[in-house]
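**Q** Input start_38.txt, format and content: compact mmCIF, C-alpha atoms.
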# COMPACT_ATOMS: atom_id res chain seq x y z
CA MET A 1 -57.88 42.15 -61.92
CA LYS A 2 -54.42 41.62 -60.49
CA LEU A 3 -55.92 39.56 -57.68
CA ALA A 4 -57.89 37.39 -60.11
CA GLU A 5 -54.73 36.75 -62.09
CA ASN A 6 -52.94 35.71 -58.92
CA LEU A 7 -55.73 33.31 -58.04
CA LYS A 8 -55.62 31.70 -61.44
CA GLU A 9 -51.86 31.48 -61.26
CA ASN A 10 -51.94 29.77 -57.87
CA PHE A 11 -54.52 27.26 -59.10
CA THR A 12 -52.33 26.43 -62.09
CA THR A 13 -49.27 26.18 -59.82
CA GLY A 14 -51.21 23.68 -57.69
CA ILE A 15 -52.26 21.61 -60.68
CA MET A 16 -48.69 21.43 -61.96
CA ALA A 17 -47.22 20.68 -58.52
CA SER A 18 -49.64 17.78 -58.15
CA ILE A 19 -48.63 15.95 -61.34
CA PRO A 20 -46.20 13.65 -59.44
CA ILE A 21 -49.13 12.63 -57.23
CA ALA A 22 -51.20 11.80 -60.30
CA ILE A 23 -48.35 9.69 -61.67
CA GLY A 24 -48.34 7.78 -58.40
CA TYR A 25 -52.14 7.59 -58.06
CA ILE A 26 -53.06 6.34 -61.51
CA PRO A 27 -51.37 2.89 -61.31
CA ILE A 28 -52.64 2.39 -57.75
CA SER A 29 -56.20 3.41 -58.57
CA VAL A 30 -56.15 1.25 -61.72
CA THR A 31 -55.07 -1.65 -59.48
CA PHE A 32 -57.88 -0.73 -57.10
CA GLY A 33 -60.40 -0.87 -59.95
CA ILE A 34 -59.12 -4.28 -61.04
CA VAL A 35 -58.97 -5.77 -57.53
CA SER A 36 -62.47 -4.46 -56.79
CA SER A 37 -63.84 -6.06 -59.89
CA GLN A 38 -62.14 -9.35 -58.96
CA SER A 39 -63.69 -9.14 -55.50
CA GLY A 40 -67.21 -8.86 -56.85
CA ILE A 41 -67.54 -5.08 -56.49
CA SER A 42 -69.11 -3.55 -59.59
CA LEU A 43 -67.40 -0.82 -61.62
CA LEU A 44 -70.08 1.63 -60.51
CA GLN A 45 -69.55 0.76 -56.84
CA ALA A 46 -65.74 1.03 -57.09
CA ALA A 47 -66.00 4.38 -58.88
CA PHE A 48 -68.57 5.57 -56.33
CA MET A 49 -66.18 4.63 -53.53
CA SER A 50 -63.26 6.53 -55.08
CA PHE A 51 -65.58 9.48 -55.73
CA MET A 52 -67.03 9.59 -52.21
CA VAL A 53 -64.21 8.35 -49.96
CA PHE A 54 -60.94 9.30 -51.73
CA ALA A 55 -58.66 7.52 -49.25
CA GLY A 56 -56.67 4.76 -50.92
CA ALA A 57 -55.58 2.38 -48.16
CA SER A 58 -59.05 2.34 -46.60
CA GLN A 59 -60.66 1.60 -49.96
CA PHE A 60 -58.44 -1.43 -50.56
CA MET A 61 -59.13 -2.53 -47.02
CA ALA A 62 -62.89 -2.15 -47.45
CA VAL A 63 -62.97 -4.16 -50.67
CA ASN A 64 -60.94 -6.87 -48.96
CA MET A 65 -63.27 -6.92 -45.94
CA ILE A 66 -66.50 -6.79 -47.97
CA SER A 67 -65.40 -9.69 -50.16
CA GLY A 68 -64.33 -11.57 -47.01
CA GLY A 69 -67.86 -11.26 -45.67
CA SER A 70 -67.33 -8.58 -42.99
CA GLY A 71 -70.43 -6.71 -41.84
CA TRP A 72 -71.06 -3.03 -42.55
CA ALA A 73 -70.26 -1.90 -38.99
CA GLU A 74 -66.82 -3.53 -39.08
CA VAL A 75 -65.99 -1.96 -42.45
CA VAL A 76 -67.19 1.52 -41.46
CA LEU A 77 -65.46 1.48 -38.08
CA ALA A 78 -62.18 0.17 -39.53
CA THR A 79 -62.41 2.99 -42.11
CA LEU A 80 -62.89 5.56 -39.36
CA VAL A 81 -59.90 4.25 -37.41
CA LEU A 82 -57.65 4.15 -40.46
CA ASN A 83 -58.63 7.59 -41.74
CA PHE A 84 -58.72 9.41 -38.44
CA ARG A 85 -55.14 10.53 -39.04
CA HIS A 86 -56.46 13.11 -41.53
CA LEU A 87 -57.60 15.11 -38.51
CA ILE A 88 -54.03 16.18 -37.77
CA MET A 89 -53.33 17.09 -41.40
CA SER A 90 -56.60 19.00 -41.73
CA THR A 91 -55.87 20.91 -38.53
CA SER A 92 -52.59 22.09 -40.00
CA LEU A 93 -54.06 23.00 -43.41
CA MET A 94 -57.13 24.75 -42.02
CA ASN A 95 -54.94 26.76 -39.70
CA ASN A 96 -53.17 28.15 -42.77
CA LEU A 97 -56.49 28.80 -44.51
CA ARG A 98 -58.20 30.41 -41.56
CA ASP A 99 -59.30 33.49 -43.56
CA VAL A 100 -61.00 31.41 -46.27
CA PRO A 101 -64.83 31.19 -46.10
CA ALA A 102 -66.08 28.05 -44.36
CA LYS A 103 -67.99 26.80 -47.42
CA TRP A 104 -64.75 26.63 -49.41
CA LYS A 105 -62.87 25.03 -46.55
CA SER A 106 -65.55 22.38 -46.14
CA LEU A 107 -65.00 21.49 -49.79
CA LEU A 108 -61.19 21.64 -49.69
CA CYS A 109 -60.89 19.49 -46.55
CA PHE A 110 -62.35 16.54 -48.50
CA GLY A 111 -59.20 16.50 -50.62
CA ILE A 112 -56.76 15.87 -47.76
CA THR A 113 -54.80 12.65 -48.22
CA ASP A 114 -51.32 11.64 -47.05
CA GLU A 115 -49.97 12.64 -50.45
CA THR A 116 -51.82 15.92 -51.09
CA PHE A 117 -51.08 17.09 -47.57
CA SER A 118 -47.36 16.25 -47.71
CA LEU A 119 -47.00 17.91 -51.10
CA MET A 120 -48.80 21.10 -50.04
CA TYR A 121 -46.72 21.20 -46.89
CA MET A 122 -43.42 20.82 -48.76
CA GLU A 123 -44.32 23.35 -51.48
CA GLN A 124 -45.52 25.88 -48.94
CA GLU A 125 -42.28 25.59 -46.99
CA GLN A 126 -40.42 26.66 -50.10
CA LYS A 127 -43.00 29.17 -51.36
CA PRO A 128 -44.55 30.82 -48.29
CA TRP A 129 -46.95 32.93 -50.38
CA LEU A 130 -48.84 29.73 -51.25
CA LYS A 131 -49.49 29.00 -47.58
CA SER A 132 -52.77 30.87 -47.27
CA SER A 133 -53.86 30.24 -50.88
CA PRO A 134 -57.02 28.13 -51.20
CA ASP A 135 -56.51 28.16 -54.98
CA PHE A 136 -53.16 26.43 -54.69
CA ALA A 137 -54.75 23.78 -52.44
CA ALA A 138 -57.65 23.43 -54.90
CA GLY A 139 -55.22 22.88 -57.78
CA VAL A 140 -53.25 20.21 -55.93
CA ILE A 141 -56.43 18.41 -54.86
CA PHE A 142 -58.06 18.68 -58.29
CA THR A 143 -55.25 16.82 -60.08
CA ALA A 144 -54.96 14.17 -57.37
CA TYR A 145 -58.71 13.56 -57.10
CA ALA A 146 -59.28 13.46 -60.87
CA SER A 147 -56.47 10.93 -61.36
CA TRP A 148 -57.76 8.77 -58.50
CA VAL A 149 -61.34 8.58 -59.82
CA ALA A 150 -60.29 8.22 -63.46
CA GLY A 151 -57.80 5.45 -62.62
CA THR A 152 -60.46 3.51 -60.71
CA ILE A 153 -62.84 3.62 -63.68
CA LEU A 154 -60.02 2.64 -66.04
CA GLY A 155 -59.06 -0.33 -63.85
CA GLY A 156 -62.64 -1.54 -63.46
CA ALA A 157 -63.18 -1.28 -67.21
CA PHE A 158 -59.98 -3.20 -68.01
CA ALA A 159 -60.50 -5.90 -65.39
CA ASP A 160 -62.29 -8.22 -67.82
CA ILE A 161 -59.53 -8.05 -70.43
CA ILE A 162 -56.78 -9.16 -68.05
CA PRO A 163 -56.09 -12.93 -68.26
CA ALA A 164 -57.56 -14.90 -65.36
CA SER A 165 -54.18 -16.38 -64.39
CA ILE A 166 -52.78 -12.91 -63.75
CA SER A 167 -55.86 -11.43 -62.16
CA ALA A 168 -56.09 -14.34 -59.71
CA SER A 169 -52.61 -13.40 -58.51
CA MET A 170 -53.48 -9.73 -58.13
CA SER A 171 -54.97 -10.12 -54.69
CA ILE A 172 -51.39 -9.83 -53.38
CA SER A 173 -51.31 -6.23 -54.66
CA LEU A 174 -53.31 -4.96 -51.71
CA TYR A 175 -50.68 -6.33 -49.34
CA SER A 176 -47.71 -5.21 -51.39
CA MET A 177 -49.18 -1.72 -51.43
CA PHE A 178 -49.41 -1.75 -47.63
CA ILE A 179 -45.87 -3.12 -47.39
CA GLY A 180 -44.67 -0.48 -49.84
CA LEU A 181 -46.12 2.20 -47.54
CA LEU A 182 -44.61 0.69 -44.39
CA VAL A 183 -41.05 -0.22 -45.35
CA PRO A 184 -39.88 3.36 -46.11
CA ALA A 185 -41.45 4.50 -42.82
CA ILE A 186 -39.54 1.79 -40.94
CA HIS A 187 -36.37 2.74 -42.78
CA LYS A 188 -36.80 6.34 -41.66
CA THR A 189 -38.03 5.63 -38.11
CA PRO A 190 -36.99 2.15 -36.93
CA ARG A 191 -39.28 2.46 -33.89
CA VAL A 192 -42.22 1.92 -36.26
CA VAL A 193 -41.29 -1.78 -36.25
CA ILE A 194 -42.48 -2.05 -32.64
CA ILE A 195 -45.89 -0.62 -33.55
CA VAL A 196 -46.25 -2.85 -36.61
CA ALA A 197 -45.12 -6.02 -34.85
CA SER A 198 -47.40 -5.48 -31.87
CA SER A 199 -50.48 -4.80 -33.97
CA MET A 200 -49.71 -7.87 -36.12
CA ILE A 201 -49.40 -10.12 -33.07
CA ILE A 202 -52.50 -8.67 -31.40
CA ASN A 203 -54.45 -9.06 -34.64
CA ALA A 204 -53.36 -12.69 -35.08
CA ILE A 205 -54.39 -13.54 -31.51
CA LEU A 206 -57.71 -11.64 -31.55
CA GLY A 207 -58.56 -13.16 -34.91
CA GLN A 208 -58.89 -16.52 -33.18
CA PHE A 209 -61.73 -15.22 -31.03
CA ILE A 210 -63.54 -12.42 -32.87
CA SER A 211 -64.26 -11.67 -36.53
CA GLY A 212 -61.45 -10.40 -38.75
CA GLY A 213 -62.80 -6.86 -39.10
CA TRP A 214 -63.15 -6.23 -35.37
CA ALA A 215 -59.74 -7.81 -34.76
CA ILE A 216 -58.19 -5.29 -37.17
CA VAL A 217 -59.94 -2.35 -35.48
CA LEU A 218 -58.87 -3.40 -31.98
CA ALA A 219 -55.34 -4.36 -33.02
CA THR A 220 -54.95 -0.94 -34.67
CA LEU A 221 -56.07 0.96 -31.58
CA LEU A 222 -53.99 -1.18 -29.18
CA GLY A 223 -50.91 -1.31 -31.42
CA GLY A 224 -51.10 2.47 -31.73
CA LEU A 225 -51.24 2.82 -27.94
CA ILE A 226 -48.18 0.60 -27.54
CA GLY A 227 -46.42 2.75 -30.13
CA ALA A 228 -47.35 5.94 -28.27
CA ALA A 229 -46.04 4.45 -25.00
CA PHE A 230 -42.75 3.48 -26.62
CA GLU A 231 -42.26 6.88 -28.19
CA ARG A 232 -42.62 8.45 -24.78
CA GLY A 233 -40.02 6.04 -23.41
CA GLY A 234 -37.69 7.05 -26.22
CA GLU A 235 -37.80 10.72 -25.34
CA MET B 1 -76.72 -4.08 -46.05
CA SER B 2 -76.01 -3.10 -49.62
CA ILE B 3 -72.52 -2.16 -50.72
CA PHE B 4 -73.67 1.34 -51.64
CA LEU B 5 -74.78 1.99 -48.07
CA ILE B 6 -71.44 0.71 -46.73
CA ILE B 7 -69.66 3.12 -49.09
CA LEU B 8 -71.90 5.96 -47.89
CA GLY B 9 -70.99 5.10 -44.29
CA MET B 10 -67.30 5.03 -45.22
CA ALA B 11 -67.67 8.43 -46.91
CA ILE B 12 -69.24 9.96 -43.80
CA VAL B 13 -66.67 8.63 -41.31
CA THR B 14 -63.79 9.61 -43.61
CA TYR B 15 -65.16 13.13 -44.04
CA ILE B 16 -65.66 13.79 -40.32
CA PRO B 17 -61.97 13.98 -39.28
CA ARG B 18 -61.20 15.99 -42.40
CA PHE B 19 -64.02 18.41 -41.62
CA LEU B 20 -63.73 18.87 -37.84
CA PRO B 21 -60.84 21.39 -38.09
CA VAL B 22 -63.04 23.55 -40.38
CA LEU B 23 -65.59 23.90 -37.60
CA ILE B 24 -63.06 24.43 -34.88
CA VAL B 25 -61.32 27.56 -36.11
CA ASP B 26 -58.59 27.56 -33.50
CA ARG B 27 -55.89 24.98 -33.80
CA LEU B 28 -56.95 21.73 -32.18
CA LYS B 29 -54.74 20.98 -29.21
CA PHE B 30 -54.46 17.44 -27.93
CA PRO B 31 -52.51 16.13 -24.98
CA GLY B 32 -49.12 14.77 -26.04
CA TRP B 33 -50.07 11.12 -25.69
CA VAL B 34 -53.15 11.54 -27.93
CA ASN B 35 -50.93 13.09 -30.60
CA ARG B 36 -48.47 10.21 -30.34
CA TRP B 37 -51.36 7.75 -30.49
CA LEU B 38 -52.86 9.38 -33.59
CA LYS B 39 -49.46 9.35 -35.28
CA SER B 40 -48.92 5.67 -34.48
CA ILE B 41 -52.34 4.51 -35.71
CA PRO B 42 -51.60 4.42 -39.47
CA TYR B 43 -48.60 2.13 -38.87
CA ALA B 44 -50.58 -0.08 -36.50
CA ALA B 45 -53.41 -0.24 -39.04
CA LEU B 46 -51.06 -1.25 -41.85
CA GLY B 47 -49.53 -3.95 -39.64
CA ALA B 48 -52.93 -5.40 -38.75
CA LEU B 49 -54.06 -5.20 -42.36
CA ILE B 50 -51.01 -7.14 -43.59
CA PHE B 51 -50.80 -9.93 -41.05
CA PRO B 52 -52.21 -12.54 -40.92
CA GLY B 53 -54.43 -11.62 -43.90
CA ILE B 54 -51.54 -11.96 -46.34
CA LEU B 55 -51.31 -15.68 -45.59
CA SER B 56 -54.76 -16.26 -47.07
CA VAL B 57 -54.02 -14.62 -50.43
CA ASP B 58 -54.18 -18.12 -51.88
CA GLY B 59 -56.76 -20.43 -50.36
CA LYS B 60 -54.59 -23.52 -50.78
CA SER B 61 -51.28 -22.53 -49.20
CA PRO B 62 -50.04 -19.69 -46.96
CA LEU B 63 -46.69 -20.01 -48.77
CA VAL B 64 -48.01 -18.05 -51.77
CA GLY B 65 -48.84 -14.93 -49.76
CA LEU B 66 -45.68 -15.26 -47.70
CA MET B 67 -43.41 -15.31 -50.76
CA GLY B 68 -45.29 -12.40 -52.34
CA GLY B 69 -44.93 -10.47 -49.08
CA ILE B 70 -41.19 -11.15 -48.84
CA ALA B 71 -40.80 -9.98 -52.44
CA ALA B 72 -42.68 -6.78 -51.63
CA VAL B 73 -40.48 -6.12 -48.56
CA ILE B 74 -37.28 -6.58 -50.57
CA LEU B 75 -38.52 -4.48 -53.49
CA SER B 76 -39.73 -1.61 -51.33
CA TYR B 77 -36.46 -1.71 -49.40
CA LEU B 78 -34.77 -0.92 -52.72
CA ARG B 79 -36.84 2.29 -52.75
CA ILE B 80 -38.29 1.76 -56.19
CA HIS B 81 -41.69 3.17 -57.13
CA ILE B 82 -44.66 1.47 -55.50
CA ILE B 83 -46.04 0.30 -58.83
CA PHE B 84 -42.92 -1.85 -59.36
CA VAL B 85 -43.26 -3.20 -55.84
CA ILE B 86 -46.83 -4.24 -56.64
CA SER B 87 -46.10 -5.71 -60.07
CA GLY B 88 -42.98 -7.49 -58.76
CA SER B 89 -44.92 -9.21 -56.01
CA ILE B 90 -47.68 -10.21 -58.45
CA LEU B 91 -44.98 -11.77 -60.63
CA VAL B 92 -43.55 -13.70 -57.67
CA VAL B 93 -47.01 -15.00 -56.75
CA ILE B 94 -47.58 -16.18 -60.33
CA LEU B 95 -44.17 -17.90 -60.30
CA VAL B 96 -44.71 -19.57 -56.92
CA LYS B 97 -48.07 -20.90 -58.09
CA LEU B 98 -46.52 -22.23 -61.31
CA LEU B 99 -43.57 -23.85 -59.56
CA THR B 100 -45.54 -25.47 -56.75
CA GLY B 101 -48.46 -26.40 -58.99
CA LEU B 102 -50.95 -24.75 -56.67
Translate this structure into structure tokens?

**A**
Amino acid sequence: MKLAENLKENFTTGIMASIPIAIGYIPISVTFGIVSSQSGISLLQAAFMSFMVFAGASQFMAVNMISGGSGWAEVVLATLVLNFRHLIMSTSLMNNLRDVPAKWKSLLCFGITDETFSLMYMEQEQKPWLKSSPDFAAGVIFTAYASWVAGTILGGAFADIIPASISASMSISLYSMFIGLLVPAIHKTPRVVIIVASSMIINAILGQFISGGWAIVLATLLGGLIGAAFERGGE
Amino acid sequence: MSIFLIILGMAIVTYIPRFLPVLIVDRLKFPGWVNRWLKSIPYAALGALIFPGILSVDGKSPLVGLMGGIAAVILSYLRIHIIFVISGSILVVILVKLLTGL
């Protein structure tokens, strides 16, 4: 009985801890729903994407690429490259949850995003007893996931009400979201500029010869390599 | 290829790196350069996603995307919430279009 109470408590702690993520996710997922609808992606498709993929930057990217006429292989491969970083986060989380049955872990791992992972990591540093708690992780993920899917549906549903003059200008939002993710990282670690600049230049050059989607994939892999080389030099 | 199948493909390739550490119980160990590469990839991806795509935000002039991008850089440098960065840049794009008559 005591154990069951603890479990419930940890789940609730996770849900409450995740509210700041929901506050951040809702406006972004609403924007995603609107931009998708503007790009010719149906409400059902946008909601399906949020439901099945749950990885914000890659979803914006995919909508952009699909509406730009990229083929399925380009979109899927670019998604893989962009989301491969979750491997490191999942390794860290699953190491903490090593005593949890695999069927629960295979469900929980779906909920790893930059935000849910960072939040769990920070909370667990302060409250070590949450470290091995799958219920805490489930609570954090539940709030984040629900707000992401709900926001997408809300955005898609509202897309038609928004005046055309504003919605036509909303295609910038994808890029401002990316910029908003990058600038704080550059502020914190100035070396990131080298990675960003090299992948931009490589992408601009490759884009002259191959399709946009493949150029992004290659520029990401090469820019990342240049970044890794520079970090080594900095040590 | 229908959009639903693309989404299904995206779902599979996004789930794989999340799921691999569940299968491999022991902590995955990579050589140092692979770790540095994996850490650099999100930044490289964002860079490639921004440029030069941002210049084609408006079909008529690259200036529109450029101004919106500059606005987003300034606003995010001020460390305000991302939603204000997004809405601020949308506002700038609307203004640039009005002023230049694009």

**Q** Name the residues in contact with A:Gly180 at a cut-off of 8 Å, using all atoms listed in the file, excluding same-chain residues fewer than 6 positions from it; report them as JSON, numbers by chain.

**A** {"B": [72, 73, 76, 82, 85]}

**Q** Could you check how far atom CA of B:Pro42 sits from atom CA of B:Gly69, in Å to one decimal?

**A**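 Straight-line distance from atom CA of B:Pro42 to atom CA of B:Gly69 works out to 18.9 Å.
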
**Q** Please identify all polymer residues within 8 Å of B:Gly47, counting all atoms listed in the file, omitting same-chain residues fewer than 3 positions from it, and present them as an MDAnalysis selection string.

**A** (chainID A and resid 195:197 199:200 220) or (chainID B and resid 43:44 50:51)

**Q** Keeping only C-alpha atoms, write those residues as a PDB file, in the frame of the given file.

**A**
ATOM      1  CA  ILE A 195     -45.890  -0.620 -33.550  1.00  0.00           C
ATOM      2  CA  VAL A 196     -46.250  -2.850 -36.610  1.00  0.00           C
ATOM      3  CA  ALA A 197     -45.120  -6.020 -34.850  1.00  0.00           C
ATOM      4  CA  SER A 199     -50.480  -4.800 -33.970  1.00  0.00           C
ATOM      5  CA  MET A 200     -49.710  -7.870 -36.120  1.00  0.00           C
ATOM      6  CA  THR A 220     -54.950  -0.940 -34.670  1.00  0.00           C
TER       7      THR A 220
ATOM      8  CA  TYR B  43     -48.600   2.130 -38.870  1.00  0.00           C
ATOM      9  CA  ALA B  44     -50.580  -0.080 -36.500  1.00  0.00           C
ATOM     10  CA  ILE B  50     -51.010  -7.140 -43.590  1.00  0.00           C
ATOM     11  CA  PHE B  51     -50.800  -9.930 -41.050  1.00  0.00           C
TER      12      PHE B  51
END

**Q** With all atoms of stretch 188-191 of chain A from the file as input, state the centre and edge lengths in Å to one decimal of the axis-aligned box that has 8 Å extra on each side, as JSON.

**A**
{"center_x": -38.0, "center_y": 4.2, "center_z": -37.8, "size_x": 18.5, "size_y": 20.2, "size_z": 23.8}

**Q** For a quick check of your reading of the model, name the residues lying within 7 Å of the coordinate (-53.8, 14.0, -57.4), counting only C-alpha atoms, and write them as number ranges by chain.

**A** A: 18-19, 21-22, 25, 116, 140-148

**Q** Closest to B:Leu20 among A:Leu87, A:Leu43, A:Val76, A:Ile153, using only C-alpha atoms?

**A**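 Closest to B:Leu20 of all the choices is A:Leu87.
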
**Q** Might you pull out every residue within 9 Å of stretch 206-212 of chain A, with all atoms listed in the file counted and same-chain residues fewer than 5 positions away left off, and present them as a VMD selection string?

**A** (chain A and resid 65 68 70 74 201 217 to 219) or (chain B and resid 52 to 53)

**Q** Between atom CA of B:Arg79 and atom CA of B:Met67, what is the distance, to one decimal in Å?

**A**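 Atom CA of B:Arg79 sits 18.9 Å away from atom CA of B:Met67.
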
**Q** For B:Phe84, please output as a PDB file with C-alpha atoms, keeping the file's coordinate frame all residues within 8 Å (counting all atoms listed in the file; exclusion window: fewer than 4 positions along the same chain).

**A**
ATOM      1  CA  LEU B  75     -38.520  -4.480 -53.490  1.00  0.00           C
ATOM      2  CA  ILE B  80     -38.290   1.760 -56.190  1.00  0.00           C
ATOM      3  CA  GLY B  88     -42.980  -7.490 -58.760  1.00  0.00           C
TER       4      GLY B  88
END

**Q** For chain B versus chain A, which residues have an atom no more than 7 Å away, and what is each residue's nearest atom pair and distance in Å rounded to one decimal, using all atoms listed in the file, chain-then-number order, as a Markdown table?

**A**
| residue | atom | partner | partner_atom | distance |
| --- | --- | --- | --- | --- |
| B:Met1 | CA | A:Trp72 | CA | 6.7 |
| B:Phe4 | CA | A:Gln45 | CA | 6.7 |
| B:Ile6 | CA | A:Trp72 | CA | 5.6 |
| B:Ile7 | CA | A:Met49 | CA | 5.8 |
| B:Gly9 | CA | A:Val76 | CA | 5.9 |
| B:Met10 | CA | A:Val76 | CA | 5.1 |
| B:Ala11 | CA | A:Val53 | CA | 4.6 |
| B:Val13 | CA | A:Leu80 | CA | 5.2 |
| B:Thr14 | CA | A:Asn83 | CA | 5.8 |
| B:Tyr15 | CA | A:Phe110 | CA | 6.3 |
| B:Pro17 | CA | A:Leu87 | CA | 4.6 |
| B:Arg18 | CA | A:Leu87 | CA | 5.4 |
| B:Phe19 | CA | A:Cys109 | CA | 5.9 |
| B:Pro21 | CA | A:Thr91 | CA | 5.0 |
| B:Val22 | CA | A:Met94 | CA | 6.2 |
| B:Val25 | CA | A:Arg98 | CA | 6.9 |
| B:Arg27 | CA | A:Asn95 | CA | 6.2 |
| B:Leu28 | CA | A:Thr91 | CA | 6.5 |
| B:Trp33 | CA | A:Ala228 | CA | 6.4 |
| B:Arg36 | CA | A:Ala228 | CA | 4.9 |
| B:Trp37 | CA | A:Ala228 | CA | 4.9 |
| B:Leu38 | CA | A:Arg85 | CA | 6.0 |
| B:Lys39 | CA | A:Arg85 | CA | 6.9 |
| B:Ser40 | CA | A:Gly224 | CA | 4.7 |
| B:Ile41 | CA | A:Gly224 | CA | 4.6 |
| B:Pro42 | CA | A:Leu82 | CA | 6.1 |
| B:Tyr43 | CA | A:Val196 | CA | 6.0 |
| B:Ala44 | CA | A:Thr220 | CA | 4.8 |
| B:Ala45 | CA | A:Thr220 | CA | 4.7 |
| B:Leu46 | CA | A:Phe178 | CA | 6.0 |
| B:Gly47 | CA | A:Val196 | CA | 4.6 |
| B:Ala48 | CA | A:Met200 | CA | 4.8 |
| B:Leu49 | CA | A:Ile216 | CA | 6.6 |
| B:Ile50 | CA | A:Tyr175 | CA | 5.8 |
| B:Phe51 | CA | A:Met200 | CA | 5.5 |
| B:Pro52 | CA | A:Ala204 | CA | 6.0 |
| B:Ile54 | CA | A:Tyr175 | CA | 6.4 |
| B:Val57 | CA | A:Ile172 | CA | 6.2 |
| B:Gly65 | CA | A:Ile172 | CA | 6.8 |
| B:Gly68 | CA | A:Ile172 | CA | 6.7 |
| B:Gly69 | CA | A:Ser176 | CA | 6.4 |
| B:Ala72 | CA | A:Ser176 | CA | 5.3 |
| B:Val73 | CA | A:Ile179 | CA | 6.3 |
| B:Ser76 | CA | A:Gly180 | CA | 5.3 |
| B:Tyr77 | CA | A:Val183 | CA | 6.3 |
| B:Ile82 | CA | A:Gly180 | CA | 6.0 |
| B:Ile83 | CA | A:Pro27 | CA | 6.4 |
| B:Val85 | CA | A:Ser176 | CA | 6.6 |
| B:Ile86 | CA | A:Ser173 | CA | 5.3 |
| B:Ser89 | CA | A:Ser176 | CA | 6.7 |
| B:Ile90 | CA | A:Met170 | CA | 5.8 |
| B:Val93 | CA | A:Ser169 | CA | 6.1 |
| B:Ile94 | CA | A:Ser169 | CA | 6.0 |

**Q** Using all heavy atoms, give me stretch 12-16 of chain B from the structure I just pasted, as a PDB file, in the first residue's frame.

**A**
ATOM      1  N   ILE B  12       9.148   5.681 -37.256  1.00  0.00           N
ATOM      2  CA  ILE B  12      10.046   4.542 -37.043  1.00  0.00           C
ATOM      3  C   ILE B  12      11.482   5.022 -36.796  1.00  0.00           C
ATOM      4  O   ILE B  12      12.113   4.639 -35.809  1.00  0.00           O
ATOM      5  CB  ILE B  12       9.990   3.572 -38.245  1.00  0.00           C
ATOM      6  CG1 ILE B  12       8.600   2.926 -38.309  1.00  0.00           C
ATOM      7  CG2 ILE B  12      11.075   2.498 -38.130  1.00  0.00           C
ATOM      8  CD1 ILE B  12       8.306   2.198 -39.608  1.00  0.00           C
ATOM      9  N   VAL B  13      11.972   5.925 -37.666  1.00  0.00           N
ATOM     10  CA  VAL B  13      13.378   6.328 -37.506  1.00  0.00           C
ATOM     11  C   VAL B  13      13.588   7.222 -36.284  1.00  0.00           C
ATOM     12  O   VAL B  13      14.700   7.354 -35.790  1.00  0.00           O
ATOM     13  CB  VAL B  13      13.952   7.032 -38.762  1.00  0.00           C
ATOM     14  CG1 VAL B  13      13.932   6.086 -39.947  1.00  0.00           C
ATOM     15  CG2 VAL B  13      13.231   8.328 -39.071  1.00  0.00           C
ATOM     16  N   THR B  14      12.528   7.845 -35.787  1.00  0.00           N
ATOM     17  CA  THR B  14      12.663   8.633 -34.555  1.00  0.00           C
ATOM     18  C   THR B  14      12.650   7.721 -33.335  1.00  0.00           C
ATOM     19  O   THR B  14      13.327   7.972 -32.342  1.00  0.00           O
ATOM     20  CB  THR B  14      11.536   9.683 -34.455  1.00  0.00           C
ATOM     21  OG1 THR B  14      11.569  10.504 -35.615  1.00  0.00           O
ATOM     22  CG2 THR B  14      11.703  10.565 -33.230  1.00  0.00           C
ATOM     23  N   TYR B  15      11.878   6.625 -33.447  1.00  0.00           N
ATOM     24  CA  TYR B  15      11.772   5.706 -32.307  1.00  0.00           C
ATOM     25  C   TYR B  15      13.045   4.880 -32.109  1.00  0.00           C
ATOM     26  O   TYR B  15      13.425   4.596 -30.973  1.00  0.00           O
ATOM     27  CB  TYR B  15      10.559   4.788 -32.486  1.00  0.00           C
ATOM     28  CG  TYR B  15      10.282   3.905 -31.289  1.00  0.00           C
ATOM     29  CD1 TYR B  15       9.858   4.466 -30.080  1.00  0.00           C
ATOM     30  CD2 TYR B  15      10.455   2.530 -31.349  1.00  0.00           C
ATOM     31  CE1 TYR B  15       9.612   3.674 -28.980  1.00  0.00           C
ATOM     32  CE2 TYR B  15      10.214   1.726 -30.246  1.00  0.00           C
ATOM     33  CZ  TYR B  15       9.786   2.304 -29.062  1.00  0.00           C
ATOM     34  OH  TYR B  15       9.551   1.523 -27.962  1.00  0.00           O
ATOM     35  N   ILE B  16      13.710   4.543 -33.207  1.00  0.00           N
ATOM     36  CA  ILE B  16      14.880   3.656 -33.110  1.00  0.00           C
ATOM     37  C   ILE B  16      15.951   4.181 -32.134  1.00  0.00           C
ATOM     38  O   ILE B  16      16.320   3.471 -31.193  1.00  0.00           O
ATOM     39  CB  ILE B  16      15.472   3.356 -34.512  1.00  0.00           C
ATOM     40  CG1 ILE B  16      14.504   2.447 -35.287  1.00  0.00           C
ATOM     41  CG2 ILE B  16      16.843   2.688 -34.406  1.00  0.00           C
ATOM     42  CD1 ILE B  16      14.853   2.265 -36.751  1.00  0.00           C
TER      43      ILE B  16
END
